[in-house]
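target37.cif follows (mmCIF, C-alpha atoms, pLDDT in the B column; chains and numbers go by the auth columns):
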```cif
data_target
loop_
_atom_site.group_PDB
_atom_site.id
_atom_site.type_symbol
_atom_site.label_atom_id
_atom_site.label_comp_id
_atom_site.label_asym_id
_atom_site.label_seq_id
_atom_site.Cartn_x
_atom_site.Cartn_y
_atom_site.Cartn_z
_atom_site.B_iso_or_equiv
_atom_site.auth_seq_id
_atom_site.auth_asym_id
ATOM 1 C CA MET A 1 120.437 106.152 115.172 43.00 6 J
ATOM 2 C CA PHE A 2 122.113 109.402 116.254 44.00 7 J
ATOM 3 C CA PHE A 3 125.407 109.736 118.111 44.00 8 J
ATOM 4 C CA LEU A 4 126.893 112.625 120.056 43.00 9 J
ATOM 5 C CA HIS A 5 130.649 112.244 120.308 41.00 10 J
ATOM 6 C CA VAL A 6 133.255 114.393 122.065 42.00 11 J
ATOM 7 C CA SER A 7 137.038 114.314 121.663 42.00 12 J
ATOM 8 C CA ALA A 8 140.083 116.517 122.079 44.00 13 J
ATOM 9 C CA ALA A 9 142.231 117.844 119.208 44.00 14 J
ATOM 10 C CA GLY A 10 144.271 120.712 117.820 39.00 15 J
ATOM 11 C CA ASP A 11 144.001 122.975 114.702 38.00 16 J
ATOM 12 C CA GLN A 12 142.279 126.258 114.277 33.00 17 J
ATOM 13 C CA PRO A 13 140.131 128.216 112.006 35.00 18 J
ATOM 14 C CA ALA A 14 137.037 132.170 108.449 40.00 19 J
ATOM 15 C CA ASP A 15 134.052 132.646 106.377 57.00 20 J
ATOM 16 C CA THR A 16 130.728 130.994 107.114 67.00 21 J
ATOM 17 C CA ALA A 17 128.455 133.406 105.231 71.00 22 J
ATOM 18 C CA VAL A 18 125.829 131.362 103.389 76.00 23 J
ATOM 19 C CA SER A 19 127.001 132.740 100.028 75.00 24 J
ATOM 20 C CA SER A 20 130.568 131.539 100.705 77.00 25 J
ATOM 21 C CA VAL A 21 129.349 128.143 101.923 78.00 26 J
ATOM 22 C CA ALA A 22 127.217 127.738 98.788 77.00 27 J
ATOM 23 C CA ALA A 23 130.238 128.525 96.582 77.00 28 J
ATOM 24 C CA GLU A 24 132.441 126.050 98.477 80.00 29 J
ATOM 25 C CA PHE A 25 129.676 123.429 98.346 81.00 30 J
ATOM 26 C CA ASP A 26 129.619 123.636 94.534 77.00 31 J
ATOM 27 C CA HIS A 27 133.230 122.363 94.495 75.00 32 J
ATOM 28 C CA ALA A 28 133.030 119.967 97.458 77.00 33 J
ATOM 29 C CA GLY A 29 133.168 116.625 95.639 76.00 34 J
ATOM 30 C CA SER A 30 131.604 113.824 97.693 80.00 35 J
ATOM 31 C CA ILE A 31 129.552 116.232 99.806 83.00 36 J
ATOM 32 C CA ASN A 32 127.656 117.116 96.589 81.00 37 J
ATOM 33 C CA GLU A 33 126.794 113.441 96.166 81.00 38 J
ATOM 34 C CA GLU A 34 125.350 113.144 99.687 86.00 39 J
ATOM 35 C CA TYR A 35 123.746 116.566 100.289 87.00 40 J
ATOM 36 C CA GLU A 36 121.834 119.372 98.608 87.00 41 J
ATOM 37 C CA PHE A 37 122.280 123.023 99.596 87.00 42 J
ATOM 38 C CA ILE A 38 118.756 124.404 100.105 86.00 43 J
ATOM 39 C CA ASP A 39 117.866 127.717 101.793 84.00 44 J
ATOM 40 C CA SER A 40 121.098 128.016 103.850 85.00 45 J
ATOM 41 C CA GLN A 41 120.960 124.352 104.928 89.00 46 J
ATOM 42 C CA LEU A 42 122.802 121.219 103.879 89.00 47 J
ATOM 43 C CA VAL A 43 120.093 118.595 103.411 90.00 48 J
ATOM 44 C CA LYS A 44 121.219 114.974 103.307 89.00 49 J
ATOM 45 C CA LYS A 45 119.740 113.072 100.407 79.00 50 J
ATOM 46 C CA GLU A 46 117.235 110.625 101.866 75.00 51 J
ATOM 47 C CA GLU A 47 117.876 106.917 101.606 69.00 52 J
ATOM 48 C CA ALA A 48 115.039 105.394 99.599 66.00 53 J
ATOM 49 C CA GLY A 49 112.085 104.691 101.859 70.00 54 J
ATOM 50 C CA SER A 50 113.819 105.590 105.140 75.00 55 J
ATOM 51 C CA GLY A 51 111.740 108.702 105.800 81.00 56 J
ATOM 52 C CA VAL A 52 114.696 110.181 107.705 85.00 57 J
ATOM 53 C CA VAL A 53 115.649 113.775 106.840 88.00 58 J
ATOM 54 C CA THR A 54 118.954 115.181 108.111 90.00 59 J
ATOM 55 C CA LYS A 55 119.618 118.929 107.851 93.00 60 J
ATOM 56 C CA ILE A 56 122.591 121.016 108.933 92.00 61 J
ATOM 57 C CA GLY A 57 122.201 124.781 109.297 91.00 62 J
ATOM 58 C CA GLU A 58 119.362 127.161 110.084 90.00 63 J
ATOM 59 C CA MET A 59 116.715 127.844 107.446 89.00 64 J
ATOM 60 C CA GLY A 60 116.664 131.465 106.236 86.00 65 J
ATOM 61 C CA SER A 61 119.882 132.467 108.015 85.00 66 J
ATOM 62 C CA SER A 62 122.556 134.564 106.282 85.00 67 J
ATOM 63 C CA GLU A 63 125.222 132.804 108.385 87.00 68 J
ATOM 64 C CA PHE A 64 125.727 129.040 108.170 88.00 69 J
ATOM 65 C CA LYS A 65 125.435 127.439 111.628 90.00 70 J
ATOM 66 C CA PRO A 66 126.318 123.970 112.925 92.00 71 J
ATOM 67 C CA ASP A 67 122.722 123.162 113.900 93.00 72 J
ATOM 68 C CA LEU A 68 121.839 119.516 113.223 93.00 73 J
ATOM 69 C CA THR A 69 118.215 118.421 112.785 93.00 74 J
ATOM 70 C CA VAL A 70 117.140 114.822 112.243 91.00 75 J
ATOM 71 C CA SER A 71 113.448 114.198 111.552 90.00 76 J
ATOM 72 C CA LYS A 72 111.191 111.416 110.336 88.00 77 J
ATOM 73 C CA TRP A 73 107.678 110.945 109.005 87.00 78 J
ATOM 74 C CA ASP A 74 107.433 114.404 107.420 87.00 79 J
ATOM 75 C CA GLY A 75 108.509 116.095 110.649 87.00 80 J
ATOM 76 C CA GLU A 76 106.160 114.195 112.953 91.00 81 J
ATOM 77 C CA VAL A 77 109.209 113.572 115.146 91.00 82 J
ATOM 78 C CA SER A 78 112.436 115.579 115.225 91.00 83 J
ATOM 79 C CA PHE A 79 115.606 116.058 117.224 91.00 84 J
ATOM 80 C CA LYS A 80 117.785 119.171 116.915 93.00 85 J
ATOM 81 C CA VAL A 81 121.196 119.950 118.424 92.00 86 J
ATOM 82 C CA LYS A 82 121.834 123.701 118.353 93.00 87 J
ATOM 83 C CA PRO A 83 125.316 124.695 119.559 93.00 88 J
ATOM 84 C CA ASP A 84 125.511 128.149 121.138 91.00 89 J
ATOM 85 C CA ILE A 85 128.168 129.938 119.085 90.00 90 J
ATOM 86 C CA SER A 86 126.861 133.445 119.868 90.00 91 J
ATOM 87 C CA ASP A 87 130.050 134.378 121.749 90.00 92 J
ATOM 88 C CA VAL A 88 132.312 133.330 118.828 90.00 93 J
ATOM 89 C CA ASN A 89 133.311 136.230 116.577 90.00 94 J
ATOM 90 C CA ILE A 90 132.187 135.651 112.967 87.00 95 J
ATOM 91 C CA LYS A 91 135.784 136.023 111.734 88.00 96 J
ATOM 92 C CA ASP A 92 136.741 133.085 114.001 89.00 97 J
ATOM 93 C CA ARG A 93 134.242 130.683 112.377 89.00 98 J
ATOM 94 C CA ASP A 94 135.046 128.467 109.420 88.00 99 J
ATOM 95 C CA LEU A 95 133.446 125.601 107.519 87.00 100 J
ATOM 96 C CA GLU A 96 135.343 122.856 105.733 87.00 101 J
ATOM 97 C CA PHE A 97 134.208 119.890 103.701 86.00 102 J
ATOM 98 C CA GLU A 98 136.601 116.965 104.263 83.00 103 J
ATOM 99 C CA GLY A 99 135.565 114.071 102.033 82.00 104 J
ATOM 100 C CA GLY A 100 132.126 113.120 103.395 84.00 105 J
ATOM 101 C CA ASN A 101 132.651 115.102 106.618 88.00 106 J
ATOM 102 C CA ILE A 102 131.383 118.572 107.449 89.00 107 J
ATOM 103 C CA ARG A 103 133.616 120.444 109.912 91.00 108 J
ATOM 104 C CA TYR A 104 132.434 123.713 111.466 91.00 109 J
ATOM 105 C CA GLN A 105 135.432 125.291 113.207 91.00 110 J
ATOM 106 C CA THR A 106 135.683 127.710 116.103 92.00 111 J
ATOM 107 C CA PRO A 107 138.762 128.403 118.259 92.00 112 J
ATOM 108 C CA ALA A 108 137.491 126.347 121.213 91.00 113 J
ATOM 109 C CA VAL A 109 135.344 123.635 119.567 91.00 114 J
ATOM 110 C CA ASP A 110 135.046 122.070 116.124 92.00 115 J
ATOM 111 C CA TYR A 111 131.696 120.477 115.223 93.00 116 J
ATOM 112 C CA LEU A 112 132.158 117.475 112.954 92.00 117 J
ATOM 113 C CA MET A 113 129.151 115.871 111.251 90.00 118 J
ATOM 114 C CA TYR A 114 129.059 112.782 109.060 88.00 119 J
ATOM 115 C CA ASP A 115 126.964 109.834 107.940 84.00 120 J
ATOM 116 C CA MET A 116 127.398 106.397 109.564 80.00 121 J
ATOM 117 C CA PRO A 117 125.364 104.062 107.316 74.00 122 J
ATOM 118 C CA GLU A 118 126.938 100.922 108.793 70.00 123 J
ATOM 119 C CA GLU A 119 125.885 101.724 112.370 66.00 124 J
ATOM 120 C CA SER A 120 122.537 99.912 112.220 65.00 125 J
ATOM 121 C CA ALA A 121 119.909 98.619 109.802 66.00 126 J
ATOM 122 C CA ASN A 122 118.519 102.162 109.728 66.00 127 J
ATOM 123 C CA GLY A 123 121.944 103.792 109.457 70.00 128 J
ATOM 124 C CA GLY A 124 123.271 106.476 111.757 79.00 129 J
ATOM 125 C CA TYR A 125 124.606 110.008 111.862 84.00 130 J
ATOM 126 C CA GLU A 126 127.341 111.390 114.099 87.00 131 J
ATOM 127 C CA PHE A 127 127.622 114.882 115.549 89.00 132 J
ATOM 128 C CA ALA A 128 131.090 115.145 117.111 88.00 133 J
ATOM 129 C CA MET A 129 132.432 117.964 119.262 89.00 134 J
ATOM 130 C CA VAL A 130 136.219 118.195 118.958 89.00 135 J
ATOM 131 C CA LEU A 131 137.670 120.222 121.828 90.00 136 J
ATOM 132 C CA ASN A 132 140.587 122.428 120.725 90.00 137 J
ATOM 133 C CA GLU A 133 141.381 123.632 124.234 88.00 138 J
ATOM 134 C CA LYS A 134 140.754 122.503 127.779 87.00 139 J
ATOM 135 C CA PRO A 135 137.211 123.483 128.816 84.00 140 J
ATOM 136 C CA ASP A 136 136.496 125.262 132.103 86.00 141 J
ATOM 137 C CA SER A 137 134.362 122.322 133.239 83.00 142 J
ATOM 138 C CA ASN A 138 133.939 118.619 132.473 80.00 143 J
ATOM 139 C CA VAL A 139 130.230 119.339 131.849 79.00 144 J
ATOM 140 C CA LEU A 140 129.439 120.245 128.230 79.00 145 J
ATOM 141 C CA GLU A 141 126.023 121.689 127.449 82.00 146 J
ATOM 142 C CA GLU A 142 124.257 122.085 124.102 85.00 147 J
ATOM 143 C CA ASN A 143 120.765 123.317 123.283 90.00 148 J
ATOM 144 C CA ILE A 144 118.433 120.523 122.204 90.00 149 J
ATOM 145 C CA GLU A 145 114.976 120.936 120.669 92.00 150 J
ATOM 146 C CA THR A 146 112.648 117.990 120.080 90.00 151 J
ATOM 147 C CA HIS A 147 109.184 117.374 118.710 92.00 152 J
ATOM 148 C CA GLY A 148 107.144 114.195 119.238 90.00 153 J
ATOM 149 C CA LEU A 149 109.882 112.406 121.204 87.00 154 J
ATOM 150 C CA GLU A 150 109.983 111.134 124.755 84.00 155 J
ATOM 151 C CA PHE A 151 113.191 110.362 126.632 81.00 156 J
ATOM 152 C CA TYR A 152 113.561 107.646 129.232 77.00 157 J
ATOM 153 C CA PRO A 153 116.666 107.403 131.416 78.00 158 J
ATOM 154 C CA GLN A 154 118.513 104.106 131.261 79.00 159 J
ATOM 155 C CA PRO A 155 120.087 103.003 134.505 83.00 160 J
ATOM 156 C CA PRO A 156 123.655 101.693 134.483 84.00 161 J
ATOM 157 C CA LEU A 157 123.791 97.974 133.663 87.00 162 J
ATOM 158 C CA ASN A 158 125.160 97.141 137.126 85.00 163 J
ATOM 159 C CA GLU A 159 121.892 98.490 138.565 85.00 164 J
ATOM 160 C CA GLU A 160 119.594 97.021 135.893 82.00 165 J
ATOM 161 C CA GLU A 161 121.017 93.513 135.338 74.00 166 J
ATOM 162 C CA GLN A 162 120.778 91.258 138.396 75.00 167 J
ATOM 163 C CA ARG A 163 121.019 87.820 136.732 82.00 168 J
ATOM 164 C CA PRO A 164 123.202 85.113 138.329 85.00 169 J
ATOM 165 C CA GLY A 165 126.448 84.503 136.457 86.00 170 J
ATOM 166 C CA LEU A 166 126.750 88.025 135.066 89.00 171 J
ATOM 167 C CA ILE A 167 129.300 90.551 136.209 89.00 172 J
ATOM 168 C CA CYS A 168 128.268 94.056 135.171 89.00 173 J
ATOM 169 C CA SER A 169 129.838 97.484 135.166 88.00 174 J
ATOM 170 C CA ALA A 170 127.847 100.591 134.300 85.00 175 J
ATOM 171 C CA THR A 171 128.339 99.969 130.569 85.00 176 J
ATOM 172 C CA GLN A 172 129.084 96.246 130.099 88.00 177 J
ATOM 173 C CA CYS A 173 128.049 92.773 131.318 90.00 178 J
ATOM 174 C CA VAL A 174 130.268 89.706 131.005 91.00 179 J
ATOM 175 C CA ASP A 175 129.471 86.069 131.753 91.00 180 J
ATOM 176 C CA VAL A 176 131.621 83.781 133.908 89.00 181 J
ATOM 177 C CA SER A 177 133.884 82.965 130.940 90.00 182 J
ATOM 178 C CA GLY A 178 134.590 86.674 130.414 89.00 183 J
ATOM 179 C CA LYS A 179 132.487 86.960 127.225 92.00 184 J
ATOM 180 C CA VAL A 180 130.736 90.303 126.789 90.00 185 J
ATOM 181 C CA VAL A 181 127.009 89.574 126.628 87.00 186 J
ATOM 182 C CA LYS A 182 125.552 93.086 126.858 86.00 187 J
ATOM 183 C CA THR A 183 126.830 96.617 126.366 82.00 188 J
ATOM 184 C CA ARG A 184 125.310 100.032 126.815 79.00 189 J
ATOM 185 C CA PRO A 185 127.036 103.216 125.659 68.00 190 J
ATOM 186 C CA GLY A 186 127.561 106.013 128.181 57.00 191 J
ATOM 187 C CA ARG A 187 124.359 107.790 129.090 46.00 192 J
ATOM 188 C CA TYR A 188 124.754 110.954 127.055 43.00 193 J
ATOM 189 C CA CYS A 189 127.905 110.791 124.946 43.00 194 J
ATOM 190 C CA ARG A 190 131.130 108.933 124.555 40.00 195 J
ATOM 191 C CA PHE A 191 134.611 110.380 124.978 40.00 196 J
ATOM 192 C CA ASP A 192 137.796 109.611 123.051 42.00 197 J
ATOM 193 C CA ARG A 193 139.712 111.145 125.903 41.00 198 J
ATOM 194 C CA ASP A 194 138.738 111.660 129.500 41.00 199 J
ATOM 195 C CA LEU A 195 138.541 115.399 130.162 40.00 200 J
ATOM 196 C CA ARG A 196 140.200 114.802 133.536 39.00 201 J
ATOM 197 C CA ASP A 197 143.391 113.737 131.707 39.00 202 J
ATOM 198 C CA TRP A 198 143.855 117.169 130.150 38.00 203 J
#
```
For this file, write the structure as C-alpha cells.
Amino acid sequence: MFFLHVSAAGDQPADTAVSSVAAEFDHAGSINEEYEFIDSQLVKKEEAGSGVVTKIGEMGSSEFKPDLTVSKWDGEVSFKVKPDISDVNIKDRDLEFEGGNIRYQTPAVDYLMYDMPEESANGGYEFAMVLNEKPDSNVLEENIETHGLEFYPQPPLNEEEQRPGLICSATQCVDVSGKVVKTRPGRYCRFDRDLRDW
C-alpha cells in the first residue's frame, strides 16, 4: 500500500551530492538497518517473500533526488513519483535522515519518506509533501510514471453506496446508530491542513 500525504510546516534547508549522501548514510543509524545505498539510490531492504522493492533516488545520478519508486515481481509492475525540483537551486537542497525517516528539503516543499509496516498485511510506504510556504494554487502536481498498472477512479461513497439505512458523505458511511461502516480516503491524497485555511 502506498500513501501520498500533504501537510503544512516550517523549517528550511544544503548538500545533496551523491558522495555527501553516501557519507551521511554511513552514519545514519536506523536508516542503515532499513536501506542499502546502491548506485545513488536508497534501496529498502525487502521483507522476506514480499517481492516489493522500494527505491529512493535516480540510478546513475550525481545528485540525490527525492524520486520514489515502488515495484513488485522483479519490476513487472511499478509506480514512481518524481517531484520536479529543476527550479530549485542545488545549494537550496538538503537531505536529512531522521530516525527511520528520509527528509529531502527545499525552501518551498520538504519530501518526507518512511515505512509504514502496520498499515496493512502487506505493509505500506508514505511519501509526504510538507509545504513550507503557501502555494500559488490548491492544486499540487507531481510527475508519475507507471508500468503494468491500471487506475480506476472511485466515485465518492455518497454516489456509490445507495443502501437503505446508510448515510454517506464522500468519504464515510454511517448506519442509523451512527457507527462508521465504510470509509474511503480522499481520491488522491489526504491533507493535515486544508490549503484554504492558509
Handout entry: Residues within 12 Å of (135.0, 125.6, 106.6), counting only C-alpha atoms, listed as an MDAnalysis selection string
Key = chainID J and resid 17:23 25:30 33 69:71 96:103 106:111 115:117
Handout entry: Expected residue set, 10 Å radius at (135.6, 123.4, 124.4), all atoms listed in the file, as a ChimeraX atom specification
Key = /J:11-13,111-115,134-143,145
Fill in the blank from the handout: Counting only C-alpha atoms, closest pick from J:Ser35, J:Met118, J:Thr151, J:Ser24 relative to Lys60 of chain J is J:Met118
Handout entry: Using all atoms listed in the file: which of J:Glu147, J:Glu166, J:Glu131, J:Glu63 has the shortest distance to Ile43 of chain J
Key =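 Closest to Ile43 of chain J, using all atoms listed in the file: J:Glu63.
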Expected axis-aligned box over every listed atom of segment 137-147 of chain J, 4 Å added per side, centre plus edges in Å to one decimal, as AutoDock Vina command-line options:
```
--center_x 132.8 --center_y 121.9 --center_z 127.0 --size_x 25.1 --size_y 14.6 --size_z 20.5
```
Problem - Distance of atom CA of Gly104 of chain J from atom CA of His32 of chain J, expressed in Å to one decimal place - result: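 Straight-line distance from atom CA of His32 of chain J to atom CA of Gly104 of chain J works out to 11.4 Å.
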Handout entry: Separation of atom CA of Phe84 of chain J from atom CA of Met64 of chain J in Å
Key =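 That distance, rounded to one decimal, is 15.4 Å.
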